[in-house]
Amino acid sequence: MISTIVTSVLLASANTAGVIAFSIPQTPSTPTTTTTTRTAFTRSTTASPINGIDDHVTGKLYKTSHSRLPMSSSTSSSSSDKELDTSAVIKYLTSAGVEITALAGFLYALDYGITTLDLSVPTWGIAALFYVLSLRSRVFNPLNNQRPDLSKMTKSDGTANDGGARGFGDRIMPSWTPPGVFFPILWILINAPLRAYSTALVYGANGHVLCDATILCFAWHLTCGDVWNTINNTERRIGASVAGVFCVWCSVVYATSRYWAVDDLAGKLLGLTALWITVAGALVTDTWRLNPGEDGELDPLYPVKGDAETKFLFEK
């Protein structure tokens with residue numbers, strides 16, 4: 001009897017020891033570390049009497065070590081780092097709705113006044129109206145649509161803190177970027193006149209109606225451009241500006257097709273501005289490609305919370 005009890009105790013002790021032995025954690029293996037190399041770009045800016053601001057991109061290599069062990073929440077990129085700025089999106093859509101409604105109301109009021117007073121507006125008068133709208137349509141938009149300052153843009157030494165124009169001194173620009181003075185000359189002397197005269201032709205072909213569906217397609221193109229200007233030049237959202245300029249391009253292509261259906265020459269003239277929007281879209285996209293974030297990743301093609309604060313003009 002005693003031997004049986006002793007034997008049972010010894011067996012229980014052995015089982016317990018085995019459980020304890022198996023419960024001892026194993027020594028973790030040495031973490032494997034891999035090294036990757038990526039290129040960081042820096043901007044070298046020189047002033048040229050011919051080309052204005054000449055941008056070059058130089059590369060520097062540096063190494064970053066990545067451990068295969070799970071990263072902690074403090075070192076890994078959380079989803080909130082790339083969170084969609086829904087407030088900005090709502091304000092973009094709201095401002096676009098306000099602007100197109102205001103433009104339509106403005107054109108309708110002009111139609112009413114012209115009809116009531118039995119006026120005959122010459123082609124040059126309609127062209128002058130849409131020349132001004134092409135350059136100042138942003139007055140109908142409640143967002144901050146401040147354009148880059150030409151004088152600062154051409155005098156900027158290319159650094160972010162020298163007072164240079166927003167959108168030019170804070171990012172790497174492609175080597176094929178035209179000099180800064182080229183853009184206002186293009187808009188004032190080429191694009192705006194083409195827009196104005198083509199719209200005047202449509203006005204003459206549609207029965208002399210300003211608040212016309214075809215002309216409102218052009219007004220929508222102006223609206224998209226004003227919202228995009230806020231994204232790119234005021235808020236400096238490099239990724240979202242790529243998606244924005246695509247919307248601008250789609251709007252001008254559609255407006256061109258509508259103009260062409262009414263008057264061939266009007267469609268051809270407005271189509272020339274679509275060619276420039278295509279080039280501008282390529283420039284914006286290439287700029288986005290050359291400006292990755294601190295983590296080496298390109299900016300998302302949507303507004304990211306924390307990158308900028310979208311405000312209406314009446315907000316402080």
# chains A, B, ... in the order shown; residues from 1 in each chain; ligands from 1
>>> residues_around(residues="A:Tyr259", least_positions_apart="2", cutoff="12 Å", atoms="only C-alpha atoms", output="PyMOL selection string")
chain A and resi 195+197-206+212-218+252-257+261-271
>>> closest_atom_pairs(of="stretch 210-266 of chain A", to="stretch 122-146 of chain A", cutoff="9 Å", atoms="only C-alpha atoms", output="tab-separated table")
residue	atom	partner	partner_atom	distance
A:Leu210	CA	A:Ile126	CA	8.9
A:Ala219	CA	A:Ser137	CA	8.6
A:Leu222	CA	A:Ser137	CA	6.7
A:Thr223	CA	A:Ser137	CA	7.5
A:Gly225	CA	A:Arg138	CA	8.9
A:Asp226	CA	A:Arg138	CA	5.8
A:Val227	CA	A:Asn145	CA	7.5
A:Trp228	CA	A:Asn145	CA	8.9
A:Asn229	CA	A:Asn145	CA	6.2
A:Thr230	CA	A:Asn145	CA	5.0
A:Ile231	CA	A:Asn145	CA	8.8
A:Asn233	CA	A:Gln146	CA	7.6
A:Thr234	CA	A:Gln146	CA	6.4
>>> write_last_selection(atoms="N, CA and C atoms", output="PDB file, in the first residue's frame")
ATOM      1  N   LEU A 210     -26.749  84.023 -72.671  1.00  0.00           N
ATOM      2  CA  LEU A 210     -25.564  83.838 -71.832  1.00  0.00           C
ATOM      3  C   LEU A 210     -25.720  82.635 -70.894  1.00  0.00           C
ATOM      4  N   ALA A 219     -18.445  77.481 -67.719  1.00  0.00           N
ATOM      5  CA  ALA A 219     -18.451  78.035 -66.358  1.00  0.00           C
ATOM      6  C   ALA A 219     -18.060  76.961 -65.345  1.00  0.00           C
ATOM      7  N   LEU A 222     -14.337  76.679 -65.330  1.00  0.00           N
ATOM      8  CA  LEU A 222     -13.745  77.743 -64.509  1.00  0.00           C
ATOM      9  C   LEU A 222     -13.850  77.399 -63.028  1.00  0.00           C
ATOM     10  N   THR A 223     -14.977  76.836 -62.641  1.00  0.00           N
ATOM     11  CA  THR A 223     -15.191  76.462 -61.236  1.00  0.00           C
ATOM     12  C   THR A 223     -14.191  75.408 -60.791  1.00  0.00           C
ATOM     13  N   GLY A 225     -11.301  74.829 -62.041  1.00  0.00           N
ATOM     14  CA  GLY A 225      -9.982  75.445 -61.978  1.00  0.00           C
ATOM     15  C   GLY A 225      -9.770  76.250 -60.710  1.00  0.00           C
ATOM     16  N   ASP A 226     -10.807  76.931 -60.247  1.00  0.00           N
ATOM     17  CA  ASP A 226     -10.674  77.730 -59.026  1.00  0.00           C
ATOM     18  C   ASP A 226     -10.504  76.859 -57.790  1.00  0.00           C
ATOM     19  N   VAL A 227     -11.242  75.743 -57.723  1.00  0.00           N
ATOM     20  CA  VAL A 227     -11.086  74.830 -56.590  1.00  0.00           C
ATOM     21  C   VAL A 227      -9.704  74.195 -56.621  1.00  0.00           C
ATOM     22  N   TRP A 228      -9.257  73.810 -57.814  1.00  0.00           N
ATOM     23  CA  TRP A 228      -7.929  73.218 -57.934  1.00  0.00           C
ATOM     24  C   TRP A 228      -6.842  74.216 -57.531  1.00  0.00           C
ATOM     25  N   ASN A 229      -7.038  75.485 -57.866  1.00  0.00           N
ATOM     26  CA  ASN A 229      -6.046  76.490 -57.497  1.00  0.00           C
ATOM     27  C   ASN A 229      -5.869  76.576 -55.980  1.00  0.00           C
ATOM     28  N   THR A 230      -6.978  76.440 -55.250  1.00  0.00           N
ATOM     29  CA  THR A 230      -6.884  76.424 -53.787  1.00  0.00           C
ATOM     30  C   THR A 230      -6.075  75.227 -53.313  1.00  0.00           C
ATOM     31  N   ILE A 231      -6.339  74.065 -53.902  1.00  0.00           N
ATOM     32  CA  ILE A 231      -5.651  72.841 -53.499  1.00  0.00           C
ATOM     33  C   ILE A 231      -4.152  72.932 -53.781  1.00  0.00           C
ATOM     34  N   ASN A 233      -2.113  75.788 -55.096  1.00  0.00           N
ATOM     35  CA  ASN A 233      -1.325  76.991 -54.819  1.00  0.00           C
ATOM     36  C   ASN A 233      -1.515  77.560 -53.414  1.00  0.00           C
ATOM     37  N   THR A 234      -2.719  77.398 -52.863  1.00  0.00           N
ATOM     38  CA  THR A 234      -2.973  77.951 -51.533  1.00  0.00           C
ATOM     39  C   THR A 234      -2.659  76.932 -50.436  1.00  0.00           C
TER      40      THR A 234
END
>>> closest_residue(among="A:Val242, A:Ala308, A:Ala274, A:Phe182", to="A:Arg289", atoms="only C-alpha atoms")
A:Val242
>>> atom_distance(atom1="atom CA of A:Ser87", atom2="atom CA of A:Phe106")
28.1 Å
>>> closest_residue(among="A:Lys316, A:Asp307, A:Leu110, A:Thr273", to="A:Asp81", atoms="only C-alpha atoms")
A:Asp307
>>> closest_residue(among="A:Gly239, A:Gly244, A:Thr285, A:Ile277", to="A:Glu297", atoms="only C-alpha atoms")
A:Gly239
>>> closest_residue(among="A:Val279, A:Ala192, A:Val304, A:Leu84", to="A:Thr177", atoms="only C-alpha atoms")
A:Val279
>>> atom_distance(atom1="atom CA of A:Thr287", atom2="atom CA of A:Met173")
5.5 Å
>>> decode(residues="stretch 176-313 of chain A", atoms="C-alpha atoms", output="CSV table (one decimal), in the first residue's frame")
chain,number,residue,atom,x,y,z
A,176,TRP,CA,11.5,71.0,-67.8
A,177,THR,CA,9.4,73.5,-65.8
A,178,PRO,CA,9.0,76.7,-67.8
A,179,PRO,CA,10.2,79.9,-66.1
A,180,GLY,CA,7.8,81.4,-63.7
A,181,VAL,CA,7.0,84.5,-65.8
A,182,PHE,CA,5.7,82.2,-68.6
A,183,PHE,CA,2.5,81.2,-66.8
A,184,PRO,CA,0.9,84.7,-66.4
A,185,ILE,CA,1.9,85.6,-69.9
A,186,LEU,CA,0.2,82.4,-71.2
A,187,TRP,CA,-3.0,83.0,-69.3
A,188,ILE,CA,-3.3,86.7,-70.0
A,189,LEU,CA,-2.3,86.8,-73.6
A,190,ILE,CA,-3.3,83.4,-74.9
A,191,ASN,CA,-5.6,81.3,-72.8
A,192,ALA,CA,-8.0,84.0,-71.7
A,193,PRO,CA,-8.4,85.5,-75.2
A,194,LEU,CA,-9.1,82.0,-76.6
A,195,ARG,CA,-11.7,81.3,-73.9
A,196,ALA,CA,-13.3,84.7,-74.4
A,197,TYR,CA,-13.6,84.7,-78.2
A,198,SER,CA,-14.7,81.0,-78.4
A,199,THR,CA,-17.5,81.8,-75.9
A,200,ALA,CA,-18.5,84.9,-77.8
A,201,LEU,CA,-18.9,82.7,-80.9
A,202,VAL,CA,-21.1,80.3,-79.0
A,203,TYR,CA,-23.2,83.2,-77.8
A,204,GLY,CA,-23.7,84.4,-81.3
A,205,ALA,CA,-24.7,80.9,-82.5
A,206,ASN,CA,-27.1,79.9,-79.7
A,207,GLY,CA,-29.6,82.8,-80.1
A,208,HIS,CA,-27.7,85.3,-77.9
A,209,VAL,CA,-28.2,83.6,-74.6
A,210,LEU,CA,-25.6,83.8,-71.8
A,211,CYS,CA,-27.1,81.4,-69.3
A,212,ASP,CA,-27.0,78.6,-71.9
A,213,ALA,CA,-26.2,75.0,-71.1
A,214,THR,CA,-23.1,75.0,-73.4
A,215,ILE,CA,-21.7,78.2,-71.8
A,216,LEU,CA,-22.4,76.8,-68.4
A,217,CYS,CA,-20.2,73.9,-69.2
A,218,PHE,CA,-17.4,76.4,-69.6
A,219,ALA,CA,-18.5,78.0,-66.4
A,220,TRP,CA,-18.1,74.6,-64.7
A,221,HIS,CA,-14.6,74.4,-66.1
A,222,LEU,CA,-13.7,77.7,-64.5
A,223,THR,CA,-15.2,76.5,-61.2
A,224,CYS,CA,-13.0,73.3,-61.3
A,225,GLY,CA,-10.0,75.4,-62.0
A,226,ASP,CA,-10.7,77.7,-59.0
A,227,VAL,CA,-11.1,74.8,-56.6
A,228,TRP,CA,-7.9,73.2,-57.9
A,229,ASN,CA,-6.0,76.5,-57.5
A,230,THR,CA,-6.9,76.4,-53.8
A,231,ILE,CA,-5.7,72.8,-53.5
A,232,ASN,CA,-2.4,73.4,-55.4
A,233,ASN,CA,-1.3,77.0,-54.8
A,234,THR,CA,-3.0,78.0,-51.5
A,235,GLU,CA,-3.0,74.7,-49.6
A,236,ARG,CA,-0.1,73.1,-51.4
A,237,ARG,CA,-1.5,69.6,-51.4
A,238,ILE,CA,0.8,67.9,-53.9
A,239,GLY,CA,-1.0,64.6,-54.1
A,240,ALA,CA,-4.6,66.0,-54.2
A,241,SER,CA,-3.6,68.5,-56.8
A,242,VAL,CA,-2.9,65.6,-59.2
A,243,ALA,CA,-6.5,64.4,-58.9
A,244,GLY,CA,-7.7,68.0,-59.0
A,245,VAL,CA,-6.0,68.8,-62.3
A,246,PHE,CA,-7.4,65.7,-63.8
A,247,CYS,CA,-10.9,67.0,-63.0
A,248,VAL,CA,-10.0,70.3,-64.6
A,249,TRP,CA,-8.8,68.5,-67.7
A,250,CYS,CA,-12.0,66.5,-67.9
A,251,SER,CA,-14.1,69.6,-67.6
A,252,VAL,CA,-12.3,71.5,-70.4
A,253,VAL,CA,-12.4,68.4,-72.7
A,254,TYR,CA,-16.2,68.2,-72.1
A,255,ALA,CA,-16.7,71.9,-72.6
A,256,THR,CA,-14.7,71.8,-75.8
A,257,SER,CA,-16.9,69.0,-77.2
A,258,ARG,CA,-20.0,71.0,-76.3
A,259,TYR,CA,-18.5,74.2,-78.0
A,260,TRP,CA,-17.6,72.1,-81.1
A,261,ALA,CA,-21.2,70.9,-81.4
A,262,VAL,CA,-22.4,74.5,-81.6
A,263,ASP,CA,-19.6,76.1,-83.6
A,264,ASP,CA,-16.6,74.4,-85.1
A,265,LEU,CA,-14.2,77.3,-84.7
A,266,ALA,CA,-15.3,77.8,-81.0
A,267,GLY,CA,-14.5,74.2,-80.3
A,268,LYS,CA,-11.1,74.4,-82.0
A,269,LEU,CA,-10.2,77.6,-80.1
A,270,LEU,CA,-11.2,76.2,-76.7
A,271,GLY,CA,-9.5,73.0,-77.6
A,272,LEU,CA,-6.2,74.8,-77.8
A,273,THR,CA,-6.5,75.7,-74.1
A,274,ALA,CA,-7.2,72.0,-73.4
A,275,LEU,CA,-3.7,71.2,-74.9
A,276,TRP,CA,-2.2,73.5,-72.2
A,277,ILE,CA,-4.2,71.9,-69.5
A,278,THR,CA,-2.8,68.6,-70.7
A,279,VAL,CA,0.8,69.9,-70.4
A,280,ALA,CA,0.0,71.5,-67.0
A,281,GLY,CA,-1.4,68.1,-65.8
A,282,ALA,CA,1.8,66.4,-66.8
A,283,LEU,CA,3.8,69.1,-64.9
A,284,VAL,CA,1.7,68.6,-61.8
A,285,THR,CA,2.0,64.9,-61.9
A,286,ASP,CA,5.8,65.0,-62.4
A,287,THR,CA,6.1,67.4,-59.5
A,288,TRP,CA,4.2,64.9,-57.3
A,289,ARG,CA,6.5,62.1,-58.4
A,290,LEU,CA,9.6,64.1,-57.4
A,291,ASN,CA,8.3,65.0,-54.0
A,292,PRO,CA,7.9,62.0,-51.8
A,293,GLY,CA,7.1,62.4,-48.1
A,294,GLU,CA,9.6,61.9,-45.2
A,295,ASP,CA,8.7,58.2,-45.2
A,296,GLY,CA,9.7,57.9,-48.9
A,297,GLU,CA,6.1,57.4,-50.0
A,298,LEU,CA,4.3,59.6,-52.5
A,299,ASP,CA,1.4,61.7,-51.2
A,300,PRO,CA,-2.1,60.1,-51.6
A,301,LEU,CA,-4.2,61.5,-54.4
A,302,TYR,CA,-6.7,62.9,-51.9
A,303,PRO,CA,-6.5,65.6,-49.3
A,304,VAL,CA,-4.9,64.2,-46.1
A,305,LYS,CA,-6.0,65.4,-42.7
A,306,GLY,CA,-3.3,67.6,-41.1
A,307,ASP,CA,-1.6,68.6,-44.3
A,308,ALA,CA,-3.5,71.9,-44.6
A,309,GLU,CA,-6.6,73.5,-43.3
A,310,THR,CA,-9.3,74.3,-45.8
A,311,LYS,CA,-11.1,77.5,-45.0
A,312,PHE,CA,-13.8,79.7,-46.5
A,313,LEU,CA,-13.0,83.4,-46.9
